[in-house]
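**Student:** Coordinates in upload-v3.tsv, TSV, C-alpha atoms, are listed below.
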```tsv
chain	number	residue	atom	x	y	z
A	136	GLU	CA	70.37	127.11	291.86
A	137	ARG	CA	69.57	130.75	292.60
A	138	TYR	CA	65.96	130.33	291.49
A	139	ASP	CA	65.54	126.68	292.47
A	140	VAL	CA	65.24	125.61	288.83
A	141	ALA	CA	66.60	122.30	287.59
A	142	LEU	CA	67.57	122.60	283.94
A	143	ALA	CA	67.86	119.57	281.69
A	144	THR	CA	71.29	119.27	280.10
A	145	ALA	CA	72.61	117.40	277.08
A	146	ASN	CA	75.84	116.53	275.38
A	147	GLY	CA	76.16	118.19	272.01
A	148	VAL	CA	74.33	121.07	270.40
A	149	ILE	CA	70.81	119.72	270.25
A	150	ALA	CA	68.39	121.68	272.44
A	151	VAL	CA	66.54	119.67	275.08
A	152	PRO	CA	63.05	120.42	276.37
A	153	GLN	CA	62.88	122.15	279.73
A	154	SER	CA	60.21	121.64	282.38
A	155	GLU	CA	57.20	123.92	282.32
A	156	SER	CA	57.82	124.84	285.97
A	157	GLY	CA	61.43	125.78	285.24
A	158	LEU	CA	60.46	127.88	282.25
A	159	ALA	CA	57.73	129.58	284.28
A	160	ALA	CA	60.17	130.36	287.11
A	161	LEU	CA	62.71	131.86	284.72
A	162	GLY	CA	59.90	133.75	282.98
A	163	ARG	CA	58.99	135.34	286.31
A	164	VAL	CA	62.62	136.33	286.88
A	165	VAL	CA	62.77	138.02	283.48
A	166	ALA	CA	59.39	139.70	283.94
A	167	ALA	CA	60.51	141.13	287.30
A	168	GLN	CA	63.31	143.19	285.69
A	169	ASP	CA	62.82	146.89	285.13
A	170	ASP	CA	63.19	148.21	281.59
A	171	LEU	CA	66.88	149.10	281.88
A	172	ARG	CA	67.93	145.80	283.47
A	173	LEU	CA	65.80	143.93	280.96
A	174	THR	CA	67.68	145.72	278.20
A	175	ALA	CA	71.00	144.71	279.76
A	176	LEU	CA	69.80	141.12	280.14
A	177	SER	CA	68.71	141.09	276.51
A	178	VAL	CA	72.14	142.24	275.31
A	179	ALA	CA	74.01	139.73	277.50
A	180	THR	CA	71.70	136.85	276.61
A	181	GLY	CA	71.87	137.68	272.94
A	182	ALA	CA	75.65	137.92	273.02
A	183	VAL	CA	76.18	134.47	274.50
A	184	GLY	CA	72.93	132.68	273.70
A	185	SER	CA	72.24	131.78	277.32
A	186	LEU	CA	69.68	133.20	279.70
A	187	VAL	CA	71.47	131.53	282.62
A	188	ILE	CA	74.77	133.23	281.80
A	189	GLY	CA	72.96	136.53	281.16
A	190	LEU	CA	71.28	136.34	284.58
A	191	ALA	CA	74.57	135.46	286.26
A	192	LEU	CA	76.17	138.55	284.72
A	193	LEU	CA	73.15	140.71	285.61
A	194	GLU	CA	73.37	139.63	289.24
A	195	GLY	CA	77.15	139.96	289.51
A	196	ARG	CA	77.73	136.22	289.94
A	197	LEU	CA	79.99	136.20	286.87
A	198	THR	CA	82.34	138.87	285.60
A	199	PRO	CA	82.18	139.64	281.88
A	200	GLU	CA	85.40	137.67	281.42
A	201	GLU	CA	84.02	134.66	283.27
A	202	ALA	CA	80.75	134.84	281.35
A	203	ALA	CA	82.61	134.89	278.03
A	204	ALA	CA	84.85	132.00	279.08
A	205	VAL	CA	81.88	129.87	280.11
A	206	ALA	CA	79.90	130.74	276.99
A	207	HIS	CA	82.82	129.92	274.71
A	208	LEU	CA	84.13	126.85	276.52
A	209	ASP	CA	83.51	124.40	273.69
A	210	GLU	CA	84.72	126.82	271.02
A	211	LEU	CA	87.93	127.48	272.93
A	212	TYR	CA	88.50	123.74	273.35
A	213	GLN	CA	88.03	123.27	269.61
A	214	ALA	CA	90.41	126.15	268.88
A	215	GLU	CA	93.07	124.57	271.09
A	216	ARG	CA	92.61	121.26	269.35
A	217	TRP	CA	92.27	122.36	265.72
A	218	GLY	CA	93.61	125.90	265.59
A	219	ILE	CA	92.16	129.35	265.78
A	220	ASP	CA	89.59	130.51	263.26
A	221	PRO	CA	90.18	134.27	262.84
A	222	GLU	CA	86.51	134.96	262.07
A	223	ALA	CA	85.35	133.04	265.16
A	224	GLU	CA	87.97	134.85	267.22
A	225	ARG	CA	86.62	138.24	266.07
A	226	ARG	CA	83.07	137.12	266.88
A	227	ARG	CA	84.10	135.99	270.37
A	228	ALA	CA	85.90	139.29	270.93
A	229	GLY	CA	82.75	141.17	269.94
A	230	GLN	CA	80.66	139.07	272.30
A	231	ALA	CA	83.14	139.66	275.12
A	232	ALA	CA	82.96	143.41	274.45
A	233	ASP	CA	79.14	143.27	274.59
A	234	LEU	CA	79.38	141.56	277.99
A	235	ALA	CA	81.87	144.15	279.27
A	236	TYR	CA	79.66	147.02	278.08
A	237	THR	CA	76.64	145.38	279.69
A	238	ARG	CA	78.45	145.08	283.02
A	239	ARG	CA	79.52	148.74	282.79
A	240	PHE	CA	75.92	149.75	282.07
A	241	LEU	CA	74.70	147.76	285.09
A	242	ASP	CA	77.39	149.30	287.30
A	243	LEU	CA	76.29	152.79	286.20
A	244	LEU	CA	72.67	151.91	286.99
A	245	ALA	CA	73.68	150.77	290.47
A	246	ALA	CA	75.69	153.97	291.06
A	247	GLY	CA	72.90	156.24	289.87
```
Starting from the coordinates I provided, produce the structure as structure tokens.
**Tutor:**
Amino acid sequence: ERYDVALATANGVIAVPQSESGLAALGRVVAAQDDLRLTALSVATGAVGSLVIGLALLEGRLTPEEAAAVAHLDELYQAERWGIDPEAERRRAGQAADLAYTRRFLDLLAAG
């Protein structure tokens, strides 16, 4: 919405092709970041596996807690249904910490 990009969605875990125009628009957004914000975006995107969530965190549209909740929605549903996997719980906690550290880094950049 922010960048006027329509992303194709799917049910399940299979990746779906995205439009060339959408990929180009998101590529321009990424390329426009300075080195420090690009580093923060890389950490956030790597933590949750989503450029969209990483950009939302970078721009302050999601808090770290909201970003983690959105990124882990299916996993949390499965945990409620089938029980908690301690290893998955530790991984999600690490990802949430990465998002919190990223937000702190971005806040320090804005203050400096």
**Student:** One decimal, in Å: what's the spacing between atom CA of Leu158 of chain A and atom CA of Leu193 of chain A?
**Tutor:**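 Rounded to one decimal, the two atoms are 18.4 Å apart.
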**Student:** Counting all atoms listed in the file, figure out which residue out of A:Ser185, A:Ser154, A:Thr144, A:Thr198 gets nearest to Arg238 of chain A.
**Tutor:** A:Thr198
**Student:** Which residue is closest to Val165 of chain A? Choose from A:Ala245, A:Leu234, A:Ala150, A:Leu186 and count all atoms listed in the file.
**Tutor:**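 Using all atoms listed in the file, the shortest distance to Val165 of chain A belongs to A:Leu186.
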**Student:** Please report the interatomic distance between atom CA of Ala214 of chain A and atom CA of Ala175 of chain A in Å with one decimal.
**Tutor:**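 Atom CA of Ala175 of chain A lies 29.0 Å from atom CA of Ala214 of chain A.
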**Student:** For atom CA of Thr237 of chain A and atom CA of Glu201 of chain A, quote the distance in Å rounded to one decimal.
**Tutor:** 13.5 Å
**Student:** Rank nothing, just name the residue among A:Arg137, A:Ala166, A:Gly147, A:Val178 nearest to Tyr236 of chain A, using only C-alpha atoms.
**Tutor:** A:Val178
**Student:** Segment 219-227 of chain A: which residues within 8 Å, counting only C-alpha atoms, same-chain residues fewer than 4 positions away excluded, as a list of chain:residue names?
**Tutor:**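 Once the nearby chain positions are removed, what remains is A:Ala203, A:His207, A:Ala214, A:Glu215, A:Ala231.
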**Student:** Point out the residue among A:Leu171, A:Val140, A:Leu241, A:Ala202 with the least atom-to-atom distance to Gln153 of chain A, counting only C-alpha atoms.
**Tutor:**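 Residue with the minimum atom-to-atom distance to Gln153 of chain A: A:Val140.
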**Student:** Out of A:Ala204, A:Ala159, A:Leu190, A:Leu197, which residue has the shortest atom-to-atom distance to Thr174 of chain A when counting only C-alpha atoms?
**Tutor:** A:Leu190
**Student:** I need the residue nearest Glu210 of chain A from this list: A:Ile188, A:Ala232, A:Leu161, A:Val183. Use all atoms listed in the file for the distance.
**Tutor:**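 The answer is A:Val183, which sits nearest to Glu210 of chain A.
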